[in-house]
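A.B. asks: mmCIF, C-alpha atoms and all ligand atoms, file upload.cif:
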data_run
#
loop_
_atom_site.label_atom_id
_atom_site.label_comp_id
_atom_site.auth_asym_id
_atom_site.auth_seq_id
_atom_site.Cartn_x
_atom_site.Cartn_y
_atom_site.Cartn_z
CA MET A 55 71.03 102.90 -55.85
CA GLN A 56 74.10 104.52 -54.29
CA LYS A 57 76.96 102.20 -53.35
CA GLN A 58 77.53 101.76 -49.62
CA GLN A 59 80.68 103.63 -48.59
CA HIS A 60 83.59 101.64 -47.22
CA ARG A 61 86.83 103.22 -46.01
CA ILE A 62 89.77 101.01 -46.97
CA LEU A 63 93.38 101.25 -45.82
CA VAL A 64 95.80 99.83 -48.38
CA LEU A 65 99.43 98.92 -47.69
CA ASN A 66 102.20 98.34 -50.17
CA PRO A 67 105.53 97.38 -48.63
CA GLY A 68 108.17 97.41 -51.40
CA SER A 69 111.87 96.69 -51.17
CA THR A 70 112.81 100.39 -51.06
CA SER A 71 109.59 101.97 -49.75
CA THR A 72 106.34 101.60 -47.86
CA LYS A 73 103.37 103.12 -49.67
CA ILE A 74 100.01 103.58 -48.01
CA GLY A 75 96.66 104.86 -49.15
CA VAL A 76 93.21 105.43 -47.73
CA PHE A 77 90.26 105.10 -50.07
CA ASP A 78 86.52 105.64 -49.80
CA ASN A 79 85.46 102.70 -51.95
CA ASP A 80 87.87 103.20 -54.87
CA ILE A 81 88.32 106.96 -54.46
CA LEU A 82 91.72 107.95 -53.04
CA ILE A 83 91.55 110.33 -50.08
CA MET A 84 95.10 110.03 -48.72
CA GLU A 85 98.39 108.68 -50.06
CA LYS A 86 101.92 108.60 -48.69
CA THR A 87 105.23 107.08 -49.83
CA ILE A 88 107.89 106.49 -47.20
CA ARG A 89 111.29 105.71 -48.75
CA HIS A 90 113.73 103.42 -46.93
CA SER A 91 117.45 103.84 -47.48
CA THR A 92 119.86 100.89 -47.73
CA GLU A 93 121.36 101.89 -44.33
CA GLU A 94 117.92 101.91 -42.69
CA LEU A 95 117.01 98.41 -43.90
CA GLU A 96 120.37 96.65 -43.60
CA LYS A 97 120.10 96.46 -39.81
CA PHE A 98 117.25 93.91 -40.13
CA PRO A 99 118.68 90.41 -40.66
CA ALA A 100 115.46 89.10 -42.29
CA ILE A 101 112.40 90.68 -43.91
CA ILE A 102 110.11 89.46 -41.12
CA ASP A 103 112.28 91.44 -38.68
CA GLN A 104 111.05 94.63 -40.38
CA PHE A 105 107.47 93.92 -39.23
CA ALA A 106 107.33 96.22 -36.17
CA PHE A 107 109.30 98.99 -37.93
CA ARG A 108 107.08 99.02 -41.04
CA LYS A 109 103.85 98.75 -39.00
CA GLN A 110 104.92 101.65 -36.79
CA THR A 111 105.84 103.69 -39.89
CA ILE A 112 102.35 103.11 -41.27
CA LEU A 113 100.54 103.99 -38.03
CA GLU A 114 102.63 107.15 -37.62
CA ALA A 115 101.91 108.23 -41.20
CA LEU A 116 98.16 107.74 -40.66
CA ASP A 117 98.37 109.72 -37.44
CA GLU A 118 100.28 112.57 -39.12
CA GLU A 119 97.59 112.74 -41.81
CA GLY A 120 94.84 112.83 -39.15
CA MET A 121 93.37 109.49 -40.28
CA ASN A 122 91.28 107.75 -37.64
CA VAL A 123 91.68 103.98 -38.05
CA SER A 124 88.44 103.29 -36.19
CA ASN A 125 86.54 104.48 -39.31
CA LEU A 126 88.03 101.73 -41.47
CA SER A 127 85.97 98.92 -43.02
CA ALA A 128 88.91 96.80 -44.20
CA VAL A 129 92.68 96.69 -44.63
CA CYS A 130 94.24 95.37 -47.82
CA GLY A 131 97.94 94.58 -48.23
CA ARG A 132 100.15 93.73 -51.18
CA GLY A 133 100.38 89.96 -51.43
CA GLY A 134 103.74 88.32 -50.96
CA LEU A 135 105.66 85.16 -51.68
CA LEU A 136 102.96 82.57 -51.11
CA ARG A 137 102.67 79.29 -52.92
CA PRO A 138 101.80 79.90 -56.62
CA ILE A 139 98.11 80.87 -56.97
CA GLU A 140 95.79 82.47 -59.51
CA GLY A 141 95.18 86.21 -59.37
CA GLY A 142 92.34 87.88 -57.45
CA THR A 143 91.40 89.11 -53.97
CA TYR A 144 92.13 86.72 -51.10
CA ALA A 145 90.97 86.97 -47.47
CA VAL A 146 93.97 86.79 -45.14
CA ASN A 147 93.71 83.49 -43.24
CA GLU A 148 95.87 81.44 -40.89
CA ALA A 149 97.37 79.33 -43.71
CA MET A 150 98.43 82.50 -45.53
CA LEU A 151 99.89 84.10 -42.41
CA ASN A 152 101.91 80.95 -41.70
CA ASP A 153 103.32 80.90 -45.24
CA LEU A 154 104.11 84.63 -45.19
CA ARG A 155 105.84 84.42 -41.82
CA LYS A 156 107.86 81.38 -42.94
CA GLY A 157 108.58 82.92 -46.34
CA VAL A 158 107.47 79.67 -47.99
CA SER A 159 108.52 80.90 -51.45
CA GLY A 160 111.23 83.31 -50.31
CA GLN A 161 111.79 86.62 -48.57
CA HIS A 162 110.46 89.91 -49.92
CA ALA A 163 108.97 93.04 -48.34
CA SER A 164 105.56 92.21 -49.83
CA ASN A 165 105.37 89.27 -47.35
CA LEU A 166 104.70 91.96 -44.75
CA GLY A 167 101.64 93.29 -46.66
CA GLY A 168 99.25 90.54 -45.59
CA ILE A 169 100.74 90.25 -42.11
CA ILE A 170 100.48 93.97 -41.27
CA ALA A 171 97.02 94.21 -42.89
CA PHE A 172 95.86 91.35 -40.66
CA GLU A 173 97.46 92.81 -37.51
CA ILE A 174 95.79 96.21 -37.99
CA ALA A 175 92.44 94.77 -39.10
CA ASP A 176 92.25 92.14 -36.38
CA GLY A 177 92.54 94.79 -33.66
CA LEU A 178 89.62 96.65 -35.26
CA ASN A 179 87.53 93.53 -35.90
CA ILE A 180 87.38 94.17 -39.64
CA PRO A 181 88.44 91.97 -42.59
CA SER A 182 91.88 91.95 -44.21
CA PHE A 183 92.75 91.03 -47.79
CA ILE A 184 95.56 90.75 -50.29
CA VAL A 185 95.24 91.20 -54.09
CA ASP A 186 97.23 89.74 -57.00
CA PRO A 187 100.30 88.67 -55.02
CA VAL A 188 103.80 88.54 -56.52
CA VAL A 189 103.41 84.78 -57.10
CA VAL A 190 100.53 85.01 -59.60
CA ASP A 191 101.47 82.31 -62.09
CA GLU A 192 100.17 82.31 -65.68
CA LEU A 193 103.33 81.08 -67.41
CA ASP A 194 103.12 79.04 -70.59
CA PRO A 195 104.55 75.55 -70.08
CA ILE A 196 107.45 76.35 -72.43
CA ALA A 197 108.47 79.32 -70.26
CA ARG A 198 108.93 77.04 -67.24
CA ILE A 199 111.80 75.11 -68.81
CA SER A 200 115.06 76.56 -67.49
CA GLY A 201 117.49 74.32 -69.35
CA PHE A 202 118.55 72.58 -66.15
CA HIS A 203 116.18 69.69 -65.37
CA LEU A 204 116.41 70.12 -61.57
CA ILE A 205 115.37 73.78 -61.65
CA GLU A 206 112.11 75.19 -63.05
CA ARG A 207 111.63 78.85 -63.94
CA LYS A 208 109.13 80.56 -61.62
CA SER A 209 106.68 83.42 -61.93
CA ILE A 210 107.63 86.00 -59.29
CA PHE A 211 106.92 89.52 -60.41
CA HIS A 212 105.05 92.80 -59.91
CA ALA A 213 101.77 91.09 -60.80
CA LEU A 214 99.56 93.70 -59.15
CA ASN A 215 101.00 96.68 -61.02
CA GLN A 216 101.71 94.88 -64.30
CA LYS A 217 98.08 93.74 -64.53
CA ALA A 218 96.71 97.12 -63.38
CA VAL A 219 98.68 99.20 -65.91
CA ALA A 220 97.98 96.72 -68.72
CA ARG A 221 94.23 96.86 -68.03
CA ARG A 222 94.32 100.67 -67.79
CA PHE A 223 96.17 100.89 -71.13
CA ALA A 224 93.64 98.55 -72.77
CA LYS A 225 90.74 100.66 -71.46
CA GLU A 226 92.35 103.87 -72.79
CA GLN A 227 92.69 102.19 -76.20
CA GLY A 228 89.06 101.00 -76.12
CA ARG A 229 90.33 97.41 -76.46
CA ALA A 230 89.97 94.30 -74.32
CA TYR A 231 93.11 93.45 -72.30
CA SER A 232 92.78 89.88 -73.56
CA ASP A 233 93.03 91.10 -77.19
CA LEU A 234 96.34 92.88 -76.68
CA ARG A 235 99.96 91.72 -76.76
CA LEU A 236 101.93 93.89 -74.39
CA ILE A 237 105.36 94.04 -72.83
CA VAL A 238 105.02 95.55 -69.37
CA VAL A 239 108.23 96.58 -67.62
CA HIS A 240 107.99 97.36 -63.90
CA MET A 241 111.12 99.09 -62.67
CA GLY A 242 111.20 99.47 -58.88
CA GLY A 243 113.50 98.00 -56.23
CA GLY A 244 113.21 94.88 -58.42
CA ILE A 245 112.68 94.91 -62.21
CA THR A 246 110.32 92.56 -64.06
CA VAL A 247 109.54 92.38 -67.78
CA GLY A 248 106.29 90.57 -68.54
CA ALA A 249 105.02 89.29 -71.90
CA HIS A 250 101.21 89.69 -71.76
CA LYS A 251 99.16 87.70 -74.26
CA GLY A 252 95.47 86.71 -74.18
CA GLY A 253 95.05 88.38 -70.77
CA ARG A 254 97.85 86.28 -69.22
CA VAL A 255 101.48 86.96 -68.35
CA VAL A 256 102.84 84.05 -70.36
CA ASP A 257 106.49 84.74 -69.58
CA VAL A 258 108.27 86.99 -67.12
CA ASN A 259 111.65 87.05 -65.41
CA ASN A 260 111.68 85.97 -61.77
CA GLY A 261 112.46 89.42 -60.40
CA LEU A 262 113.42 88.31 -56.92
CA HIS A 263 116.34 85.92 -57.17
CA GLY A 264 115.77 84.29 -60.50
CA ASP A 265 116.82 86.03 -63.64
CA GLY A 266 116.52 89.17 -65.73
CA PRO A 267 118.06 92.63 -65.52
CA PHE A 268 119.86 93.80 -62.42
CA SER A 269 117.90 96.39 -60.46
CA PRO A 270 118.44 98.99 -57.70
CA GLU A 271 118.88 96.22 -55.12
CA ARG A 272 119.11 92.90 -57.02
CA ALA A 273 121.69 91.14 -59.13
CA GLY A 274 119.34 89.59 -61.74
CA THR A 275 120.94 86.96 -64.01
CA VAL A 276 124.54 86.21 -63.05
CA PRO A 277 126.94 83.75 -64.72
CA ALA A 278 125.86 80.41 -63.20
CA GLY A 279 129.25 78.67 -63.06
CA ASP A 280 130.95 81.61 -61.39
CA LEU A 281 128.16 81.79 -58.82
CA VAL A 282 128.61 78.10 -58.00
CA GLU A 283 132.34 78.68 -57.52
CA LEU A 284 131.65 81.60 -55.18
CA CYS A 285 129.12 79.57 -53.16
CA PHE A 286 131.67 76.82 -52.56
CA SER A 287 134.68 79.07 -52.09
CA GLY A 288 134.34 78.79 -48.31
CA GLN A 289 134.40 82.59 -48.09
CA TYR A 290 130.69 83.20 -47.55
CA TYR A 291 127.70 81.81 -45.66
CA ARG A 292 124.59 80.91 -47.67
CA GLN A 293 122.71 83.87 -46.23
CA GLU A 294 125.50 86.28 -47.19
CA ILE A 295 125.42 85.16 -50.82
CA MET A 296 121.62 85.45 -50.88
CA ARG A 297 121.82 88.97 -49.47
CA MET A 298 124.43 89.98 -52.06
CA LEU A 299 122.02 88.82 -54.77
CA VAL A 300 118.84 90.32 -53.26
CA GLY A 301 118.97 93.45 -51.12
CA GLN A 302 122.60 94.30 -51.67
CA GLY A 303 122.94 93.42 -55.33
CA GLY A 304 122.49 95.66 -58.39
CA LEU A 305 123.01 99.40 -57.77
CA VAL A 306 123.56 98.77 -54.03
CA GLY A 307 126.41 96.36 -54.75
CA TYR A 308 128.13 98.59 -57.32
CA LEU A 309 127.34 102.06 -55.95
CA GLY A 310 126.19 101.59 -52.33
CA THR A 311 122.68 102.99 -52.78
CA ASN A 312 119.23 101.76 -53.89
CA ASP A 313 118.24 105.32 -54.76
CA ALA A 314 118.31 106.07 -58.49
CA VAL A 315 117.82 109.79 -57.82
CA ARG A 316 121.12 109.85 -55.90
CA VAL A 317 122.80 107.92 -58.72
CA GLU A 318 121.53 110.46 -61.26
CA LYS A 319 122.96 113.30 -59.15
CA ARG A 320 126.34 111.54 -59.05
CA ILE A 321 126.25 111.18 -62.82
CA GLN A 322 125.46 114.89 -63.22
CA LYS A 323 128.54 115.65 -61.13
CA GLY A 324 130.68 113.59 -63.52
CA ASP A 325 130.89 110.21 -61.69
CA GLU A 326 131.95 107.88 -64.56
CA GLU A 327 131.46 104.65 -62.59
CA ALA A 328 127.90 105.61 -61.67
CA LYS A 329 127.21 106.39 -65.34
CA LEU A 330 128.54 103.04 -66.55
CA VAL A 331 126.50 101.06 -64.00
CA TYR A 332 123.31 103.06 -64.57
CA ASP A 333 123.69 102.70 -68.36
CA ALA A 334 124.25 98.96 -67.89
CA MET A 335 120.98 98.66 -65.95
CA ALA A 336 119.12 100.38 -68.82
CA TYR A 337 120.97 98.14 -71.32
CA GLN A 338 119.91 94.98 -69.45
CA VAL A 339 116.29 96.15 -69.27
CA ALA A 340 116.34 96.76 -73.04
CA ARG A 341 117.85 93.31 -73.63
CA GLU A 342 115.07 91.69 -71.58
CA ILE A 343 112.44 93.62 -73.56
CA GLY A 344 113.99 92.29 -76.77
CA SER A 345 113.67 88.81 -75.35
CA ALA A 346 109.99 89.36 -74.46
CA SER A 347 109.35 90.62 -78.00
CA ALA A 348 110.63 87.26 -79.29
CA VAL A 349 108.21 85.49 -76.91
CA LEU A 350 105.40 87.52 -78.54
CA GLU A 351 106.78 86.69 -82.02
CA GLY A 352 107.31 90.38 -82.76
CA GLN A 353 103.58 91.16 -82.58
CA VAL A 354 103.61 93.75 -79.82
CA ASP A 355 100.87 96.38 -79.41
CA ALA A 356 102.87 98.46 -76.92
CA ILE A 357 105.73 98.44 -74.45
CA ILE A 358 104.75 100.02 -71.12
CA LEU A 359 107.49 101.33 -68.81
CA THR A 360 106.32 101.79 -65.22
CA GLY A 361 107.53 101.84 -61.57
CA GLY A 362 109.65 104.42 -59.73
CA LEU A 363 112.60 104.28 -62.16
CA ALA A 364 110.29 105.33 -65.00
CA TYR A 365 110.41 108.86 -63.47
CA GLY A 366 114.07 109.02 -64.54
CA LYS A 367 114.03 110.78 -67.92
CA GLY A 368 117.57 109.79 -68.88
CA PHE A 369 117.01 106.19 -67.82
CA VAL A 370 113.83 105.92 -69.88
CA GLU A 371 115.60 107.46 -72.89
CA ALA A 372 118.49 105.01 -72.58
CA ILE A 373 116.03 102.10 -72.73
CA THR A 374 113.79 103.58 -75.40
CA LYS A 375 116.60 104.23 -77.92
CA ARG A 376 117.30 100.49 -77.99
CA ILE A 377 113.73 99.16 -78.19
CA SER A 378 111.47 101.75 -79.85
CA TRP A 379 111.76 99.81 -83.14
CA ILE A 380 109.72 96.99 -81.57
CA ALA A 381 106.53 98.91 -80.71
CA ASP A 382 105.23 102.19 -79.29
CA VAL A 383 106.71 102.93 -75.88
CA VAL A 384 104.27 104.22 -73.26
CA VAL A 385 105.71 105.63 -70.01
CA GLN A 386 103.56 105.39 -66.88
CA PRO A 387 105.85 106.37 -63.99
CA GLY A 388 105.06 105.19 -60.47
CA GLU A 389 102.54 102.49 -60.02
CA ASN A 390 98.84 101.76 -59.82
CA GLU A 391 99.20 99.36 -56.94
CA LEU A 392 97.36 101.31 -54.23
CA GLN A 393 94.39 101.84 -56.54
CA ALA A 394 94.42 98.17 -57.60
CA LEU A 395 94.47 97.05 -53.95
CA ALA A 396 91.55 99.32 -53.08
CA GLU A 397 89.53 98.17 -56.09
CA GLY A 398 90.17 94.50 -55.23
CA ALA A 399 88.97 94.97 -51.64
CA SER A 400 86.06 97.17 -52.71
CA ARG A 401 84.74 94.52 -55.14
CA VAL A 402 84.57 92.02 -52.27
CA LEU A 403 83.10 94.47 -49.72
CA HIS A 404 80.35 95.34 -52.21
CA GLY A 405 79.59 91.70 -52.92
CA GLU A 406 80.65 92.00 -56.58
CA GLU A 407 82.92 89.00 -56.10
CA ASP A 408 83.76 86.55 -53.34
CA ALA A 409 87.11 86.69 -51.61
CA LYS A 410 89.19 83.67 -52.63
CA ILE A 411 90.41 81.29 -49.95
CA TYR A 412 94.13 80.62 -49.74
CA PRO A 413 94.46 76.85 -49.38
CA ALA A 414 96.13 75.21 -46.38
CA ALA A 415 99.38 73.37 -47.22
CA GLN A 416 98.78 69.69 -48.14
N1 LIG A 501 112.00 110.92 -59.83
C1 LIG A 501 112.72 109.82 -59.89
N2 LIG A 501 113.70 109.70 -60.83
C2 LIG A 501 114.45 108.57 -60.92
N3 LIG A 501 114.27 107.49 -60.11
C3 LIG A 501 113.31 107.57 -59.18
C4 LIG A 501 112.48 108.71 -59.01
N4 LIG A 501 111.60 108.46 -58.01
C5 LIG A 501 111.89 107.22 -57.55
N5 LIG A 501 112.91 106.69 -58.24
C6 LIG A 501 113.60 105.41 -58.01
O1 LIG A 501 112.72 104.32 -58.18
C7 LIG A 501 113.17 103.25 -57.35
C8 LIG A 501 112.01 102.77 -56.48
O2 LIG A 501 110.91 102.47 -57.27
P1 LIG A 501 109.54 101.98 -56.59
O3 LIG A 501 108.65 101.56 -57.70
O4 LIG A 501 109.05 103.02 -55.66
O5 LIG A 501 110.11 100.73 -55.78
P2 LIG A 501 109.56 99.78 -54.65
O6 LIG A 501 108.05 99.80 -54.77
O7 LIG A 501 110.17 98.49 -55.01
O8 LIG A 501 110.04 100.28 -53.33
C9 LIG A 501 114.28 103.80 -56.46
O9 LIG A 501 115.54 103.46 -57.00
C10 LIG A 501 114.04 105.30 -56.57
O10 LIG A 501 115.22 106.06 -56.32
C1 LIG A 502 109.28 90.05 -55.90
C2 LIG A 502 108.86 90.78 -57.15
C3 LIG A 502 108.26 92.10 -56.81
C4 LIG A 502 109.29 93.14 -56.50
O1 LIG A 502 110.45 93.05 -56.88
O2 LIG A 502 108.84 94.22 -55.83
P1 LIG A 502 109.70 95.51 -55.40
O3 LIG A 502 110.21 96.16 -56.64
O4 LIG A 502 108.68 96.37 -54.69
O5 LIG A 502 110.78 95.06 -54.51
#
Mind converting the file's structure to structure tokens?
Ligand SMILES: Nc1ncnc2c1ncn2[C@@H]1O[C@H](COP(=O)(O)OP(=O)(O)O)[C@@H](O)[C@H]1O
Ligand SMILES: CCCC(=O)OP(=O)(O)O
C.D. replies:
Amino acid sequence: MQKQQHRILVLNPGSTSTKIGVFDNDILIMEKTIRHSTEELEKFPAIIDQFAFRKQTILEALDEEGMNVSNLSAVCGRGGLLRPIEGGTYAVNEAMLNDLRKGVSGQHASNLGGIIAFEIADGLNIPSFIVDPVVVDELDPIARISGFHLIERKSIFHALNQKAVARRFAKEQGRAYSDLRLIVVHMGGGITVGAHKGGRVVDVNNGLHGDGPFSPERAGTVPAGDLVELCFSGQYYRQEIMRMLVGQGGLVGYLGTNDAVRVEKRIQKGDEEAKLVYDAMAYQVAREIGSASAVLEGQVDAIILTGGLAYGKGFVEAITKRISWIADVVVQPGENELQALAEGASRVLHGEEDAKIYPAAQ
């Protein structure tokens, strides 16, 4: 019997872009990436303040592509910083909207995914979902220990894309995802390096404001004592420090842009500072991969490099030369997030699985 056709709008707000797709079931019929410069985003004091701007951007893009929203069956957004939950497709509900609006686990563009999905879907009387939000938590107990008893390490990462590319790689190899040991490196506005074992991401850096390599717009790990001194120097408000770590850290802090393509152009023109900083980002990614290989005790089936930065040939080479001794390096530039969102919503719309319910706060 032929599957019933559902038209699904999927939304992926990232820190440097808004990506949208329209799918008939899981077949892509329209895709668009809208990039946001540092200057464009810095006028919004908080992520939630970007709501109207990002929603308008999405509606205009759909209009330009001649997409009629009244034909949609569902809207599915990238899931944001909720309380830690298991992976899967969740129906957007009031408890989720409250947590996303408050930023219960922090501020990130993906918080807008569920909110905008709900706002568009509600007006059309159709369901809205999120899939594999950035708070999917499968850490081994040992990975939670930070070394400072008052602070626990957290799982905040590109769960949607890391899982999607890992599963795709496993399928291409004719192996089960759960049988593989993989290091998946998502390199976008934030950078996360996940150690995948037994079908779980047993360790990963907290790519928002935790640890790991610096990224186009984030500081990553910084020397803790010096950060404490800066916080109490009386020179900055709390929010200013947070913004210098996330949003205006990394490439933005050193070079004034979140755009790696612009940085590469500067390097080509002989900008030595840009070269040093860009090389340092590759160096820190490689160092984090080395650390993940230790987590997997050196038994690594493949290292997968993905995300927007994986389009940068020189950047990929700078990482690969330091880590290719660990395992085969597979480069999958861009991301599989739109497809993964559509597939998650499609499974629920076709009754292949039930949408999970995000629990109300206790
Ligand atoms: N062709 C390219 N070469 C090098 N870097 C690229 C290329 N395309 C995109 N990027 C960089 O990738 C980063 C954004 O990655 P992306 O995965 O789209 O991020 P996000 O989803 O967080 O917005 C930006 O720094 C962007 O400049
Ligand atoms: C919060 C982890 C996910 C992340 O960093 O996403 P972007 O790279 O899209 O900002």
A.B. asks: In terms of the shortest atom-to-atom distance over all atoms listed in the file, which of A:Asn122, A:Thr70, A:Gln56, A:Thr275 is closest to ligand LIG 501 (chain A)?
C.D. replies: A:Thr70
A.B. asks: Using atom CA of Asp191 of chain A and atom CA of Asn147 of chain A as the two end points, give the distance in Å to one decimal.
C.D. replies: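 Atom CA of Asn147 of chain A lies 20.4 Å from atom CA of Asp191 of chain A.
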A.B. asks: Check every protein, DNA and RNA residue against ligand LIG 502 (chain A), keep those with an atom at most 10 Å away (counting all atoms listed in the file), and present them as number ranges by chain.
C.D. replies: A: 66-73, 132-135, 160-165, 187-189, 209-215, 240-246, 259-264, 269-272, 300-301, 361-362
A.B. asks: Can you pull out every residue within 10 Å of segment 80-93 of chain A, counting all atoms listed in the file, but drop anything in the same chain fewer than 5 positions away, and send it as a PDB file with C-alpha atoms, in the frame of the given file?
C.D. replies:
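Result saved to result24.pdb:
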ATOM      1  CA  GLN A  59      80.680 103.630 -48.590  1.00  0.00           C
ATOM      2  CA  HIS A  60      83.590 101.640 -47.220  1.00  0.00           C
ATOM      3  CA  ARG A  61      86.830 103.220 -46.010  1.00  0.00           C
ATOM      4  CA  ILE A  62      89.770 101.010 -46.970  1.00  0.00           C
ATOM      5  CA  LEU A  63      93.380 101.250 -45.820  1.00  0.00           C
ATOM      6  CA  VAL A  64      95.800  99.830 -48.380  1.00  0.00           C
ATOM      7  CA  ASN A  66     102.200  98.340 -50.170  1.00  0.00           C
ATOM      8  CA  PRO A  67     105.530  97.380 -48.630  1.00  0.00           C
ATOM      9  CA  GLY A  68     108.170  97.410 -51.400  1.00  0.00           C
ATOM     10  CA  SER A  69     111.870  96.690 -51.170  1.00  0.00           C
ATOM     11  CA  THR A  70     112.810 100.390 -51.060  1.00  0.00           C
ATOM     12  CA  SER A  71     109.590 101.970 -49.750  1.00  0.00           C
ATOM     13  CA  THR A  72     106.340 101.600 -47.860  1.00  0.00           C
ATOM     14  CA  LYS A  73     103.370 103.120 -49.670  1.00  0.00           C
ATOM     15  CA  ILE A  74     100.010 103.580 -48.010  1.00  0.00           C
ATOM     16  CA  GLY A  75      96.660 104.860 -49.150  1.00  0.00           C
ATOM     17  CA  PHE A  98     117.250  93.910 -40.130  1.00  0.00           C
ATOM     18  CA  ARG A 108     107.080  99.020 -41.040  1.00  0.00           C
ATOM     19  CA  THR A 111     105.840 103.690 -39.890  1.00  0.00           C
ATOM     20  CA  ILE A 112     102.350 103.110 -41.270  1.00  0.00           C
ATOM     21  CA  ALA A 115     101.910 108.230 -41.200  1.00  0.00           C
ATOM     22  CA  LEU A 116      98.160 107.740 -40.660  1.00  0.00           C
ATOM     23  CA  GLU A 119      97.590 112.740 -41.810  1.00  0.00           C
ATOM     24  CA  GLY A 120      94.840 112.830 -39.150  1.00  0.00           C
ATOM     25  CA  MET A 121      93.370 109.490 -40.280  1.00  0.00           C
ATOM     26  CA  GLU A 271     118.880  96.220 -55.120  1.00  0.00           C
ATOM     27  CA  GLY A 301     118.970  93.450 -51.120  1.00  0.00           C
ATOM     28  CA  GLN A 302     122.600  94.300 -51.670  1.00  0.00           C
ATOM     29  CA  VAL A 306     123.560  98.770 -54.030  1.00  0.00           C
ATOM     30  CA  GLY A 310     126.190 101.590 -52.330  1.00  0.00           C
ATOM     31  CA  THR A 311     122.680 102.990 -52.780  1.00  0.00           C
ATOM     32  CA  ASN A 312     119.230 101.760 -53.890  1.00  0.00           C
ATOM     33  CA  ASP A 313     118.240 105.320 -54.760  1.00  0.00           C
ATOM     34  CA  LEU A 392      97.360 101.310 -54.230  1.00  0.00           C
ATOM     35  CA  GLN A 393      94.390 101.840 -56.540  1.00  0.00           C
ATOM     36  CA  ALA A 394      94.420  98.170 -57.600  1.00  0.00           C
ATOM     37  CA  LEU A 395      94.470  97.050 -53.950  1.00  0.00           C
ATOM     38  CA  ALA A 396      91.550  99.320 -53.080  1.00  0.00           C
ATOM     39  CA  GLU A 397      89.530  98.170 -56.090  1.00  0.00           C
ATOM     40  CA  GLY A 398      90.170  94.500 -55.230  1.00  0.00           C
ATOM     41  CA  ALA A 399      88.970  94.970 -51.640  1.00  0.00           C
ATOM     42  CA  SER A 400      86.060  97.170 -52.710  1.00  0.00           C
ATOM     43  CA  ARG A 401      84.740  94.520 -55.140  1.00  0.00           C
TER      44      ARG A 401
END
A.B. asks: Figure out the distance between atom CA of Ile343 of chain A and atom CA of Val247 of chain A, please, to one decimal in Å.
C.D. replies: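 Those two atoms sit 6.6 Å apart.
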A.B. asks: One decimal, Å: what's the distance from atom CA of Arg221 of chain A over to atom CA of Ala348 of chain A, could you say?
C.D. replies: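 The value is 22.1 Å.
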A.B. asks: Save segment 204-216 of chain A from what I just supplied, as a CSV table (one decimal), in the first residue's frame, atoms limited to N, CA and C atoms.
C.D. replies:
chain,number,residue,atom,x,y,z
A,204,LEU,N,31.3,20.8,42.5
A,204,LEU,CA,30.0,21.6,42.4
A,204,LEU,C,29.6,21.7,41.0
A,205,ILE,N,30.4,21.2,40.0
A,205,ILE,CA,30.0,21.4,38.6
A,205,ILE,C,30.1,20.1,37.9
A,206,GLU,N,28.9,19.7,37.2
A,206,GLU,CA,28.9,18.4,36.5
A,206,GLU,C,29.1,18.7,35.0
A,207,ARG,N,29.8,17.9,34.3
A,207,ARG,CA,29.8,18.1,32.8
A,207,ARG,C,28.5,17.7,32.2
A,208,LYS,N,28.1,18.5,31.2
A,208,LYS,CA,26.7,18.3,30.6
A,208,LYS,C,26.9,17.9,29.1
A,209,SER,N,25.8,17.2,28.6
A,209,SER,CA,25.7,16.9,27.2
A,209,SER,C,24.9,17.9,26.4
A,210,ILE,N,25.6,18.8,25.8
A,210,ILE,CA,25.0,19.8,24.9
A,210,ILE,C,25.7,19.8,23.6
A,211,PHE,N,25.1,19.3,22.6
A,211,PHE,CA,25.8,19.1,21.3
A,211,PHE,C,24.9,19.0,20.1
A,212,HIS,N,25.5,18.8,19.0
A,212,HIS,CA,24.7,18.7,17.7
A,212,HIS,C,24.2,17.3,17.6
A,213,ALA,N,23.3,16.9,18.5
A,213,ALA,CA,22.8,15.6,18.6
A,213,ALA,C,22.1,15.1,17.3
A,214,LEU,N,21.3,16.0,16.8
A,214,LEU,CA,20.5,15.7,15.6
A,214,LEU,C,21.5,15.3,14.4
A,215,ASN,N,22.5,16.1,14.1
A,215,ASN,CA,23.3,15.8,13.0
A,215,ASN,C,24.3,14.7,13.3
A,216,GLN,N,24.9,14.7,14.6
A,216,GLN,CA,25.8,13.7,14.9
A,216,GLN,C,25.2,12.3,14.8
